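**Student:** Okay, here's the structure, questions in a sec.
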Amino acid sequence: MNERPDIASHELRPSPVPPDATGFRVEVTNNAGSQIIVAAGPVTLASKPHLPVTDIPAAELGAVQLAWVDQALDGSSVSTASETVALLGSESGVLAVIAGPAGFGKRTAAIRALWEHSRLMEADGAKPLTLREITPDWEDPQSPDASALPFEADTGYLIDVAAEMASWPQPSAVAQQLLSHAERLEKIGSFLVVVASEHGWPEGVSGALDRVLVRAKSRPSASQIARKHLEFVYHKGERVRSLRSSAFDGGLDGVASHLLTGDSRPGDAARLAALLADSDGSPDGLRTAVSTFQEWKHEVQQVFRKTEGSPDDRALLVAGVFLNGSDVLSVQDGARELLREPRESDVRTILTGPDLTTRLESVDAKVTGRTVSFDHRPGYVHAVLVHLWHQRADIHPHLLTWLDTITAPKRPGAARLAAISNLLVDLAVAENDISIIERIHCWIDSGHDSPEHRDLIARVLSKAAEADPLGAAVRARLLDWAREKNSVAVATVVALVCRGDFAAHYPRQALVRLRHVLDRAETDSAVLAAQEALRDIAGRDGQLPRVWNTVVKWVTEHGHLAGHRAFLSLLDPSVDPHVLQVLLSAAEQQREIRTALVTGWNAALSDPRVVTECQDLLASWARARKSGQVPGDLVKEILEEVVARHLYSTPVSALIFGEPGVVNDEAVVELRKELRLFSALSDVPGFEPSER
């Protein structure tokens, strides 16, 4: 590999963080006895929130700098990155699209190109680029809106849309939008590299679309990648001997030489290097690394052959896989439950046959004291599950039903929910099989109706929704399931997914799915879970502006039930006053926020389906006002604008006139008296306000 001297001589250093462009400064004086509310980012209705961005991981930047390979197995040049660098350095090279088959190192080439182009700019005296990755969190993944793309100055952006391009009905329209966005980036010294699928980019539509295309025509040598990672990333140069094709001492040399071929992907090479580097370097350690890389196929086939006539031992193996790290009796009980057999009561049978520890060790488990573990074989539990899933398809529904049983409260699997969900996710991702996700979807209604059951499935779906390349299909399924109206359990699981890690990386798509759940006719457990998820997203750093803009749009542009529920839930101080505090603080500074609050109240009060929620929120505002959690005068002014238009609606009538037989608390009575409308009505003959 020939490096440019001026590039290779630079040491890797973190990308520079741009100074705060807002110039935000807070000075607080005379604040005794006051609450100070600082919002994480401005709350505004002026602009559309951009797609989320994250820094490109330092580990990936280090790899493309220190262990770059641009040669194929046959010694020919792999020019994907260099062609992209040349394109970015051309007169109009702001946008580059790298297209090609999966497994050709497109992402790594994109990162290398951005990094190298930034260093060339720096060598010419320009400011280096901050390298960021855009999450394709489109509101509608089938119709991406390029106006949602971020455009900070002096930034090199990467976005990977390879997995979702096949769902674009009009790829040329999306491509034209990207060209237009590139014109905006050019004005601020920024760049964008798009990772595309092999045939997804419509270069034949125009010369402009063809000029930004770089085709990945070959993959870099996997063996060279593994060697360079061992030597320059992990600083374990002596382990390179394990990749040589000739062996000298039979212990260290050549043990992994057969694993990488011309068809091996760069990611496979990087994974093998990491496993070899992580081993202790002994012959046994290296052999374990090799078996882990091969996913223990030989060992798993051997143990299944050995237990062909013993369903008891196979059940013990399956129980041990899912209850890895549990005590031996829990594993034995789990095996019995999988077979749906009671505890043995016949003494002769109990005393017959091998001991439990011997049986566990025969399926490659390790028993230390009373604990059963497969940790001495990294990846072995996953390999067993894959084999079982492939070779024993009839067990699928029985296996999922059994998982419900062992993960119930106070059962041995309850403490292993995260590990069990990870196993199921790894299975779906490794197989890249949406049918596994579909089977898990069926399991939602067919399994136990318990929080543990729903939490387990939500964990699986949340992780699968972010995994490449399966994630795009899982996110599409979540949207379909959110629209379903006939299953409370399915809608509840979707809401749970939307308050997990999925919402952290795909907040826009999480909100779209929550909108459909919130639009259910009845206020069931799914709606309550969706309201909780909405508040959870709004409470995260930097997300309130996005959530507020979205909810206001739902209320003002669509006027559907979901918008009214979302508005009322978001502004409820009885759960957590922070969101209301931030919005009221913003309303004191921005008239449009105050107007949106009034508009939202007017819309909700006009919807008879949320009468109870409106009445409860009015009372909650009164209590928050009395306790000093929110500015009393502003709350009174907003409500005065609202109640005048809805005097005879049930919630406002209850606030102003009271209700027969209902004793209101002091906060509600106090607000009732202070509203100007109350004072005006007190002069009307026959008006008798409630003092309760």
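By order in the structure tokens, chains are A, B, ...; within a chain, residues start at 1; ligands start at 1, following the order shown.
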Could you find all residues in range 515-619 of chain A that DSSP calls alpha helix (DSSP H) from the backbone, and write them as number ranges by chain?
**Tutor:** A: 515-518, 525-538, 544-553, 561-570, 578-589, 591-605, 611-619
**Student:** Which neighbours of range 217-233 of chain A fall inside 7 Å, counting only C-alpha atoms, when residues of the same chain fewer than 6 positions from it are skipped, and could you give them as a PDB file with N, CA, C and O atoms, in the first residue's frame?
**Tutor:**
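Writing the result to around-v6.pdb gives the following:
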ATOM      1  N   ALA A  63      -8.443   2.781  12.341  1.00  0.00           N
ATOM      2  CA  ALA A  63      -8.219   1.660  11.431  1.00  0.00           C
ATOM      3  C   ALA A  63      -7.944   2.129  10.006  1.00  0.00           C
ATOM      4  O   ALA A  63      -7.051   1.604   9.328  1.00  0.00           O
ATOM      5  N   LEU A  66      -4.320   3.756  10.131  1.00  0.00           N
ATOM      6  CA  LEU A  66      -3.168   2.946  10.500  1.00  0.00           C
ATOM      7  C   LEU A  66      -3.087   1.614   9.770  1.00  0.00           C
ATOM      8  O   LEU A  66      -2.004   1.042   9.651  1.00  0.00           O
ATOM      9  N   ALA A  67      -4.229   1.098   9.308  1.00  0.00           N
ATOM     10  CA  ALA A  67      -4.227  -0.255   8.744  1.00  0.00           C
ATOM     11  C   ALA A  67      -4.948  -0.296   7.406  1.00  0.00           C
ATOM     12  O   ALA A  67      -5.652  -1.254   7.099  1.00  0.00           O
ATOM     13  N   VAL A  69      -5.789  -0.820   3.601  1.00  0.00           N
ATOM     14  CA  VAL A  69      -5.410  -1.769   2.548  1.00  0.00           C
ATOM     15  C   VAL A  69      -6.141  -1.377   1.272  1.00  0.00           C
ATOM     16  O   VAL A  69      -7.370  -1.256   1.270  1.00  0.00           O
ATOM     17  N   ASP A  70      -5.384  -1.189   0.193  1.00  0.00           N
ATOM     18  CA  ASP A  70      -6.009  -0.841  -1.083  1.00  0.00           C
ATOM     19  C   ASP A  70      -5.571  -1.792  -2.195  1.00  0.00           C
ATOM     20  O   ASP A  70      -5.463  -1.413  -3.353  1.00  0.00           O
ATOM     21  N   GLN A  71      -5.316  -3.035  -1.803  1.00  0.00           N
ATOM     22  CA  GLN A  71      -4.981  -4.076  -2.768  1.00  0.00           C
ATOM     23  C   GLN A  71      -5.931  -5.250  -2.612  1.00  0.00           C
ATOM     24  O   GLN A  71      -6.294  -5.631  -1.492  1.00  0.00           O
ATOM     25  N   ALA A  72      -6.317  -5.843  -3.760  1.00  0.00           N
ATOM     26  CA  ALA A  72      -7.144  -7.046  -3.741  1.00  0.00           C
ATOM     27  C   ALA A  72      -6.254  -8.267  -3.539  1.00  0.00           C
ATOM     28  O   ALA A  72      -5.020  -8.168  -3.517  1.00  0.00           O
ATOM     29  N   LEU A  73      -6.861  -9.419  -3.393  1.00  0.00           N
ATOM     30  CA  LEU A  73      -6.105 -10.640  -3.159  1.00  0.00           C
ATOM     31  C   LEU A  73      -5.142 -10.938  -4.296  1.00  0.00           C
ATOM     32  O   LEU A  73      -4.035 -11.449  -4.087  1.00  0.00           O
ATOM     33  N   VAL A  78      -7.408  -1.609  -5.379  1.00  0.00           N
ATOM     34  CA  VAL A  78      -8.796  -1.317  -4.998  1.00  0.00           C
ATOM     35  C   VAL A  78      -8.892   0.197  -4.870  1.00  0.00           C
ATOM     36  O   VAL A  78      -8.380   0.788  -3.925  1.00  0.00           O
ATOM     37  N   GLY A 100     -22.050  -0.305  -4.728  1.00  0.00           N
ATOM     38  CA  GLY A 100     -21.433  -1.597  -4.977  1.00  0.00           C
ATOM     39  C   GLY A 100     -22.066  -2.669  -4.133  1.00  0.00           C
ATOM     40  O   GLY A 100     -22.943  -2.397  -3.301  1.00  0.00           O
ATOM     41  N   PHE A 104     -17.989  -5.140   0.210  1.00  0.00           N
ATOM     42  CA  PHE A 104     -16.861  -4.616  -0.564  1.00  0.00           C
ATOM     43  C   PHE A 104     -16.149  -3.469   0.165  1.00  0.00           C
ATOM     44  O   PHE A 104     -15.324  -2.781  -0.429  1.00  0.00           O
ATOM     45  N   GLY A 105     -16.462  -3.251   1.423  1.00  0.00           N
ATOM     46  CA  GLY A 105     -15.758  -2.234   2.204  1.00  0.00           C
ATOM     47  C   GLY A 105     -16.146  -0.816   1.853  1.00  0.00           C
ATOM     48  O   GLY A 105     -15.323   0.103   1.968  1.00  0.00           O
ATOM     49  N   ARG A 239       1.293 -12.173  16.229  1.00  0.00           N
ATOM     50  CA  ARG A 239       0.139 -13.034  15.919  1.00  0.00           C
ATOM     51  C   ARG A 239      -0.086 -13.172  14.405  1.00  0.00           C
ATOM     52  O   ARG A 239      -0.884 -14.001  13.973  1.00  0.00           O
ATOM     53  N   VAL A 240       0.588 -12.339  13.627  1.00  0.00           N
ATOM     54  CA  VAL A 240       0.448 -12.434  12.174  1.00  0.00           C
ATOM     55  C   VAL A 240       0.859 -13.816  11.688  1.00  0.00           C
ATOM     56  O   VAL A 240       0.349 -14.327  10.683  1.00  0.00           O
ATOM     57  N   LEU A 260      -9.518 -17.104   5.779  1.00  0.00           N
ATOM     58  CA  LEU A 260      -9.827 -15.968   4.907  1.00  0.00           C
ATOM     59  C   LEU A 260      -9.499 -16.315   3.460  1.00  0.00           C
ATOM     60  O   LEU A 260      -8.404 -16.789   3.157  1.00  0.00           O
ATOM     61  N   GLY A 262     -10.577 -15.263  -0.956  1.00  0.00           N
ATOM     62  CA  GLY A 262     -10.874 -14.128  -1.823  1.00  0.00           C
ATOM     63  C   GLY A 262     -12.299 -13.634  -1.696  1.00  0.00           C
ATOM     64  O   GLY A 262     -12.606 -12.496  -2.065  1.00  0.00           O
ATOM     65  N   SER A 264     -13.875 -13.498   1.263  1.00  0.00           N
ATOM     66  CA  SER A 264     -14.086 -13.009   2.630  1.00  0.00           C
ATOM     67  C   SER A 264     -14.278 -11.494   2.636  1.00  0.00           C
ATOM     68  O   SER A 264     -13.589 -10.759   1.915  1.00  0.00           O
ATOM     69  N   ARG A 265     -15.186 -11.030   3.456  1.00  0.00           N
ATOM     70  CA  ARG A 265     -15.473  -9.602   3.541  1.00  0.00           C
ATOM     71  C   ARG A 265     -14.461  -8.901   4.449  1.00  0.00           C
ATOM     72  O   ARG A 265     -13.912  -9.517   5.370  1.00  0.00           O
ATOM     73  N   PRO A 266     -14.258  -7.613   4.235  1.00  0.00           N
ATOM     74  CA  PRO A 266     -13.361  -6.868   5.131  1.00  0.00           C
ATOM     75  C   PRO A 266     -13.783  -6.963   6.596  1.00  0.00           C
ATOM     76  O   PRO A 266     -12.932  -7.058   7.482  1.00  0.00           O
ATOM     77  N   ALA A 269     -12.474 -10.078   8.153  1.00  0.00           N
ATOM     78  CA  ALA A 269     -11.045  -9.980   8.456  1.00  0.00           C
ATOM     79  C   ALA A 269     -10.806  -9.191   9.738  1.00  0.00           C
ATOM     80  O   ALA A 269      -9.980  -9.572  10.581  1.00  0.00           O
ATOM     81  N   ALA A 270     -11.530  -8.095   9.900  1.00  0.00           N
ATOM     82  CA  ALA A 270     -11.381  -7.281  11.109  1.00  0.00           C
ATOM     83  C   ALA A 270     -11.822  -8.073  12.341  1.00  0.00           C
ATOM     84  O   ALA A 270     -11.195  -7.985  13.404  1.00  0.00           O
ATOM     85  N   LEU A 272     -11.772 -11.400  12.703  1.00  0.00           N
ATOM     86  CA  LEU A 272     -10.765 -12.419  12.994  1.00  0.00           C
ATOM     87  C   LEU A 272      -9.557 -11.801  13.693  1.00  0.00           C
ATOM     88  O   LEU A 272      -9.032 -12.363  14.671  1.00  0.00           O
ATOM     89  N   ALA A 273      -9.109 -10.658  13.209  1.00  0.00           N
ATOM     90  CA  ALA A 273      -7.962  -9.995  13.835  1.00  0.00           C
ATOM     91  C   ALA A 273      -8.255  -9.663  15.294  1.00  0.00           C
ATOM     92  O   ALA A 273      -7.398  -9.844  16.174  1.00  0.00           O
ATOM     93  N   ALA A 277      -6.192 -11.174  18.399  1.00  0.00           N
ATOM     94  CA  ALA A 277      -5.521 -10.236  19.301  1.00  0.00           C
ATOM     95  C   ALA A 277      -5.993 -10.401  20.736  1.00  0.00           C
ATOM     96  O   ALA A 277      -5.224 -10.213  21.687  1.00  0.00           O
TER      97      ALA A 277
END
**Student:** Nearest to Val635 in chain A among A:Gln590, A:Ser620, A:Ser172, A:Thr523, with distances taken over only C-alpha atoms: which residue is it?
**Tutor:**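 Closest to Val635 in chain A, using only C-alpha atoms: A:Ser620.
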**Student:** I need the residues of range 134-356 of chain A that end up classed as strand (DSSP E or B) by DSSP on the backbone, written out as a list of chain:residue names.
**Tutor:**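 Here is the list: A:Ile134, A:Thr155, A:Gly156, A:Tyr157, A:Leu158, A:Ile159, A:Asp160, A:Phe191, A:Leu192, A:Val193, A:Val194, A:Val195, A:Ala196, A:Leu213, A:Val214, A:Arg215, A:Asp327.
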**Student:** Would you mind exporting N, CA and C atoms of the selected residues as a CSV table (one decimal), in the first residue's frame?
**Tutor:**
chain,number,residue,atom,x,y,z
A,134,ILE,N,-24.5,10.6,9.7
A,134,ILE,CA,-25.9,10.9,9.8
A,134,ILE,C,-26.7,9.6,9.9
A,155,THR,N,-17.7,20.4,7.7
A,155,THR,CA,-18.0,19.1,8.2
A,155,THR,C,-18.0,18.1,7.0
A,156,GLY,N,-17.5,16.9,7.3
A,156,GLY,CA,-17.5,15.8,6.3
A,156,GLY,C,-18.6,14.8,6.8
A,157,TYR,N,-19.7,14.7,6.1
A,157,TYR,CA,-20.8,13.8,6.5
A,157,TYR,C,-20.7,12.5,5.8
A,158,LEU,N,-21.1,11.4,6.5
A,158,LEU,CA,-21.3,10.1,5.9
A,158,LEU,C,-22.7,9.7,6.2
A,159,ILE,N,-23.4,9.1,5.2
A,159,ILE,CA,-24.7,8.5,5.4
A,159,ILE,C,-24.8,7.2,4.6
A,160,ASP,N,-25.3,6.2,5.3
A,160,ASP,CA,-25.4,4.9,4.7
A,160,ASP,C,-26.9,4.6,4.5
A,191,PHE,N,-19.0,18.5,3.1
A,191,PHE,CA,-19.0,17.5,2.1
A,191,PHE,C,-19.9,16.3,2.6
A,192,LEU,N,-20.4,15.5,1.6
A,192,LEU,CA,-21.3,14.4,1.9
A,192,LEU,C,-20.9,13.2,1.1
A,193,VAL,N,-20.6,12.1,1.8
A,193,VAL,CA,-20.4,10.8,1.1
A,193,VAL,C,-21.6,9.9,1.4
A,194,VAL,N,-22.2,9.3,0.4
A,194,VAL,CA,-23.4,8.5,0.5
A,194,VAL,C,-22.9,7.0,0.2
A,195,VAL,N,-23.2,6.1,1.1
A,195,VAL,CA,-23.0,4.7,0.8
A,195,VAL,C,-24.3,4.1,0.3
A,196,ALA,N,-24.2,3.6,-0.9
A,196,ALA,CA,-25.4,3.1,-1.6
A,196,ALA,C,-25.4,1.6,-1.9
A,213,LEU,N,-20.9,9.5,-8.9
A,213,LEU,CA,-20.9,8.0,-8.6
A,213,LEU,C,-19.5,7.5,-8.6
A,214,VAL,N,-19.1,6.7,-7.6
A,214,VAL,CA,-17.9,5.9,-7.5
A,214,VAL,C,-18.3,4.4,-7.3
A,215,ARG,N,-17.9,3.6,-8.2
A,215,ARG,CA,-18.3,2.1,-8.0
A,215,ARG,C,-17.2,1.3,-7.3
A,327,ASP,N,-27.3,-21.7,38.1
A,327,ASP,CA,-26.9,-22.9,38.9
A,327,ASP,C,-27.5,-24.2,38.2
**Student:** If we count only C-alpha atoms, what is near range 468-472 of chain A at a cut-off of 9 Å, once residues fewer than 5 positions away on the same chain are taken out, given as a PDB file with N, CA and C atoms, in the first residue's frame?
**Tutor:**
ATOM      1  N   PRO A 141     -39.295   6.608   5.482  1.00  0.00           N
ATOM      2  CA  PRO A 141     -38.100   6.054   4.833  1.00  0.00           C
ATOM      3  C   PRO A 141     -38.280   5.777   3.350  1.00  0.00           C
ATOM      4  N   ALA A 162     -27.779   2.161   2.011  1.00  0.00           N
ATOM      5  CA  ALA A 162     -27.768   0.976   1.148  1.00  0.00           C
ATOM      6  C   ALA A 162     -28.923   0.034   1.457  1.00  0.00           C
ATOM      7  N   ALA A 163     -29.258  -0.113   2.744  1.00  0.00           N
ATOM      8  CA  ALA A 163     -30.273  -1.096   3.124  1.00  0.00           C
ATOM      9  C   ALA A 163     -31.687  -0.638   2.804  1.00  0.00           C
ATOM     10  N   GLU A 164     -31.899   0.654   2.603  1.00  0.00           N
ATOM     11  CA  GLU A 164     -33.267   1.146   2.435  1.00  0.00           C
ATOM     12  C   GLU A 164     -33.576   1.643   1.022  1.00  0.00           C
ATOM     13  N   ALA A 428     -31.471 -13.374  14.594  1.00  0.00           N
ATOM     14  CA  ALA A 428     -32.144 -12.709  13.471  1.00  0.00           C
ATOM     15  C   ALA A 428     -31.149 -11.968  12.588  1.00  0.00           C
ATOM     16  N   VAL A 429     -30.181 -11.291  13.210  1.00  0.00           N
ATOM     17  CA  VAL A 429     -29.216 -10.501  12.448  1.00  0.00           C
ATOM     18  C   VAL A 429     -28.270 -11.412  11.674  1.00  0.00           C
ATOM     19  N   ASN A 432     -30.019 -12.659   8.878  1.00  0.00           N
ATOM     20  CA  ASN A 432     -30.600 -11.597   8.054  1.00  0.00           C
ATOM     21  C   ASN A 432     -31.978 -12.032   7.538  1.00  0.00           C
ATOM     22  N   ASP A 433     -32.769 -12.523   8.464  1.00  0.00           N
ATOM     23  CA  ASP A 433     -34.024 -13.187   8.107  1.00  0.00           C
ATOM     24  C   ASP A 433     -35.186 -12.497   8.802  1.00  0.00           C
ATOM     25  N   ILE A 434     -35.974 -11.764   8.034  1.00  0.00           N
ATOM     26  CA  ILE A 434     -37.108 -11.053   8.614  1.00  0.00           C
ATOM     27  C   ILE A 434     -38.173 -12.030   9.096  1.00  0.00           C
ATOM     28  N   LYS A 463     -33.279  -3.789  19.396  1.00  0.00           N
ATOM     29  CA  LYS A 463     -31.926  -4.051  18.908  1.00  0.00           C
ATOM     30  C   LYS A 463     -31.934  -4.413  17.423  1.00  0.00           C
ATOM     31  N   ARG A 477     -41.530  -2.970   9.604  1.00  0.00           N
ATOM     32  CA  ARG A 477     -42.517  -3.816  10.280  1.00  0.00           C
ATOM     33  C   ARG A 477     -43.085  -3.097  11.500  1.00  0.00           C
TER      34      ARG A 477
END
**Student:** Do you know which residues are at most 10 Å from range 592-596 of chain A counting only C-alpha atoms, after dropping those on the same chain fewer than 5 positions away, and could you put them as a list of chain:residue names?
**Tutor:**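 Final neighbour list, sorted by chain and number: A:Val43, A:Thr44, A:Leu45, A:Ala46, A:Trp548, A:Asn549, A:Val552, A:Lys553, A:Val555, A:Thr556, A:Leu583, A:Leu584, A:Ser585, A:Ala586, A:Ala587, A:Trp601, A:Asn602, A:Leu634, A:Ile638, A:Glu641.
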**Student:** Identify which of the residues A:Leu528, A:Leu317, A:Leu385, A:Leu276 lies closest to Leu356 in chain A, counting only C-alpha atoms when measuring atom-to-atom distances.
**Tutor:** A:Leu317
**Student:** May I have the residues within 10 Å of Arg515 in chain A as a list of chain:residue names, using only C-alpha atoms and disregarding those fewer than 5 positions away in the same chain?
**Tutor:**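 In the requested form, the answer reads A:Ala482, A:Arg483, A:Ala495, A:Gln509, A:Ala510, A:Arg520, A:Val527, A:Ala530, A:Gln531, A:Leu534, A:Thr550, A:Val551, A:Trp554, A:His560, A:Leu561, A:Ala562, A:Gly563, A:Arg565, A:Ala566.
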**Student:** Restricting the output to N, CA and C atoms, write the selected residues as a PDB file, in the first residue's frame.
**Tutor:**
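This is the output file again25.pdb:
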ATOM      1  N   ALA A 482     -47.618  -0.737  14.292  1.00  0.00           N
ATOM      2  CA  ALA A 482     -48.181   0.416  15.004  1.00  0.00           C
ATOM      3  C   ALA A 482     -49.549   0.787  14.450  1.00  0.00           C
ATOM      4  N   ARG A 483     -49.757   0.518  13.173  1.00  0.00           N
ATOM      5  CA  ARG A 483     -51.039   0.845  12.539  1.00  0.00           C
ATOM      6  C   ARG A 483     -52.119  -0.190  12.839  1.00  0.00           C
ATOM      7  N   ALA A 495     -44.839   0.570  21.369  1.00  0.00           N
ATOM      8  CA  ALA A 495     -44.604   1.741  22.216  1.00  0.00           C
ATOM      9  C   ALA A 495     -43.376   1.540  23.103  1.00  0.00           C
ATOM     10  N   GLN A 509     -38.500   8.490  13.555  1.00  0.00           N
ATOM     11  CA  GLN A 509     -39.288   7.311  13.232  1.00  0.00           C
ATOM     12  C   GLN A 509     -40.028   6.786  14.466  1.00  0.00           C
ATOM     13  N   ALA A 510     -39.422   6.922  15.642  1.00  0.00           N
ATOM     14  CA  ALA A 510     -40.117   6.527  16.869  1.00  0.00           C
ATOM     15  C   ALA A 510     -41.382   7.363  17.060  1.00  0.00           C
ATOM     16  N   ARG A 520     -55.249   5.186  18.675  1.00  0.00           N
ATOM     17  CA  ARG A 520     -56.182   4.101  18.950  1.00  0.00           C
ATOM     18  C   ARG A 520     -57.463   4.647  19.584  1.00  0.00           C
ATOM     19  N   VAL A 527     -51.911   2.854  24.568  1.00  0.00           N
ATOM     20  CA  VAL A 527     -51.921   4.325  24.539  1.00  0.00           C
ATOM     21  C   VAL A 527     -51.154   4.878  25.730  1.00  0.00           C
ATOM     22  N   ALA A 530     -47.563   4.501  25.077  1.00  0.00           N
ATOM     23  CA  ALA A 530     -47.111   5.466  24.069  1.00  0.00           C
ATOM     24  C   ALA A 530     -46.953   6.855  24.676  1.00  0.00           C
ATOM     25  N   GLN A 531     -47.862   7.223  25.566  1.00  0.00           N
ATOM     26  CA  GLN A 531     -47.735   8.525  26.228  1.00  0.00           C
ATOM     27  C   GLN A 531     -46.477   8.578  27.085  1.00  0.00           C
ATOM     28  N   LEU A 534     -43.508   8.946  24.778  1.00  0.00           N
ATOM     29  CA  LEU A 534     -43.406  10.313  24.269  1.00  0.00           C
ATOM     30  C   LEU A 534     -42.741  11.226  25.296  1.00  0.00           C
ATOM     31  N   THR A 550     -43.057  18.355  16.469  1.00  0.00           N
ATOM     32  CA  THR A 550     -43.843  17.254  15.917  1.00  0.00           C
ATOM     33  C   THR A 550     -45.259  17.257  16.470  1.00  0.00           C
ATOM     34  N   VAL A 551     -45.395  17.426  17.776  1.00  0.00           N
ATOM     35  CA  VAL A 551     -46.720  17.406  18.407  1.00  0.00           C
ATOM     36  C   VAL A 551     -47.559  18.582  17.932  1.00  0.00           C
ATOM     37  N   TRP A 554     -48.900  17.717  14.612  1.00  0.00           N
ATOM     38  CA  TRP A 554     -50.023  16.780  14.719  1.00  0.00           C
ATOM     39  C   TRP A 554     -51.315  17.507  15.083  1.00  0.00           C
ATOM     40  N   HIS A 560     -55.883  15.165  14.689  1.00  0.00           N
ATOM     41  CA  HIS A 560     -56.391  13.848  15.039  1.00  0.00           C
ATOM     42  C   HIS A 560     -56.204  13.574  16.529  1.00  0.00           C
ATOM     43  N   LEU A 561     -56.804  12.494  16.978  1.00  0.00           N
ATOM     44  CA  LEU A 561     -56.800  12.129  18.388  1.00  0.00           C
ATOM     45  C   LEU A 561     -55.388  11.997  18.931  1.00  0.00           C
ATOM     46  N   ALA A 562     -54.487  11.440  18.135  1.00  0.00           N
ATOM     47  CA  ALA A 562     -53.106  11.258  18.586  1.00  0.00           C
ATOM     48  C   ALA A 562     -52.479  12.589  18.983  1.00  0.00           C
ATOM     49  N   GLY A 563     -52.720  13.632  18.209  1.00  0.00           N
ATOM     50  CA  GLY A 563     -52.159  14.938  18.528  1.00  0.00           C
ATOM     51  C   GLY A 563     -52.677  15.491  19.833  1.00  0.00           C
ATOM     52  N   ARG A 565     -53.950  13.762  22.394  1.00  0.00           N
ATOM     53  CA  ARG A 565     -53.398  12.966  23.497  1.00  0.00           C
ATOM     54  C   ARG A 565     -51.938  13.325  23.755  1.00  0.00           C
ATOM     55  N   ALA A 566     -51.177  13.490  22.685  1.00  0.00           N
ATOM     56  CA  ALA A 566     -49.762  13.820  22.833  1.00  0.00           C
ATOM     57  C   ALA A 566     -49.589  15.177  23.508  1.00  0.00           C
TER      58      ALA A 566
END
**Student:** Just checking: using only C-alpha atoms, which residue out of A:Val94, A:Leu571, A:Ala110, A:Ala153 ends up closest to Ser180 in chain A?
**Tutor:**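 Of A:Val94, A:Leu571, A:Ala110, A:Ala153, the one nearest Ser180 in chain A is A:Val94, counting only C-alpha atoms.
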**Student:** Excluding Lys187 in chain A and any residue of its chain fewer than 2 positions from it, enumerate the residues within 10 Å of it, using only C-alpha atoms, and give them as a PDB file with N, CA, C and O atoms, in the first residue's frame.
**Tutor:**
ATOM      1  N   VAL A  94     -18.545  18.045  -4.028  1.00  0.00           N
ATOM      2  CA  VAL A  94     -19.060  18.140  -2.663  1.00  0.00           C
ATOM      3  C   VAL A  94     -19.765  16.850  -2.269  1.00  0.00           C
ATOM      4  O   VAL A  94     -19.725  16.431  -1.120  1.00  0.00           O
ATOM      5  N   ALA A 153     -21.093  23.908   9.026  1.00  0.00           N
ATOM      6  CA  ALA A 153     -19.920  24.298   8.242  1.00  0.00           C
ATOM      7  C   ALA A 153     -18.726  23.402   8.555  1.00  0.00           C
ATOM      8  O   ALA A 153     -18.596  22.860   9.653  1.00  0.00           O
ATOM      9  N   ASP A 154     -17.858  23.225   7.553  1.00  0.00           N
ATOM     10  CA  ASP A 154     -16.580  22.517   7.702  1.00  0.00           C
ATOM     11  C   ASP A 154     -16.767  21.106   8.276  1.00  0.00           C
ATOM     12  O   ASP A 154     -16.063  20.679   9.191  1.00  0.00           O
ATOM     13  N   ALA A 182     -26.218  19.236  -1.817  1.00  0.00           N
ATOM     14  CA  ALA A 182     -24.777  19.421  -2.004  1.00  0.00           C
ATOM     15  C   ALA A 182     -24.444  20.876  -2.324  1.00  0.00           C
ATOM     16  O   ALA A 182     -23.387  21.388  -1.932  1.00  0.00           O
ATOM     17  N   GLU A 183     -25.326  21.560  -3.033  1.00  0.00           N
ATOM     18  CA  GLU A 183     -25.094  22.970  -3.339  1.00  0.00           C
ATOM     19  C   GLU A 183     -25.077  23.803  -2.067  1.00  0.00           C
ATOM     20  O   GLU A 183     -24.300  24.764  -1.953  1.00  0.00           O
ATOM     21  N   ARG A 184     -25.914  23.439  -1.103  1.00  0.00           N
ATOM     22  CA  ARG A 184     -25.904  24.152   0.181  1.00  0.00           C
ATOM     23  C   ARG A 184     -24.607  23.873   0.929  1.00  0.00           C
ATOM     24  O   ARG A 184     -24.009  24.778   1.535  1.00  0.00           O
ATOM     25  N   LEU A 185     -24.158  22.602   0.891  1.00  0.00           N
ATOM     26  CA  LEU A 185     -22.934  22.239   1.598  1.00  0.00           C
ATOM     27  C   LEU A 185     -21.717  22.946   1.006  1.00  0.00           C
ATOM     28  O   LEU A 185     -20.793  23.332   1.736  1.00  0.00           O
ATOM     29  N   GLY A 189     -18.434  24.936   2.970  1.00  0.00           N
ATOM     30  CA  GLY A 189     -17.204  24.161   3.066  1.00  0.00           C
ATOM     31  C   GLY A 189     -17.387  22.762   3.623  1.00  0.00           C
ATOM     32  O   GLY A 189     -16.469  22.218   4.254  1.00  0.00           O
ATOM     33  N   SER A 190     -18.551  22.158   3.381  1.00  0.00           N
ATOM     34  CA  SER A 190     -18.819  20.814   3.891  1.00  0.00           C
ATOM     35  C   SER A 190     -18.993  19.820   2.738  1.00  0.00           C
ATOM     36  O   SER A 190     -19.168  20.223   1.583  1.00  0.00           O
TER      37      SER A 190
END
**Student:** Calculate how many Å separate CA of Gly325 in chain A from CA of Val497 in chain A, rounding to one decimal.
**Tutor:**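 Answer for the CA of Gly325 in chain A to CA of Val497 in chain A separation: 27.1 Å.
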**Student:** Closest to Trp68 in chain A among A:Ile111, A:Ile406, A:Leu88, A:Ala538, using only C-alpha atoms?
**Tutor:**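 Closest candidate: A:Ile111.
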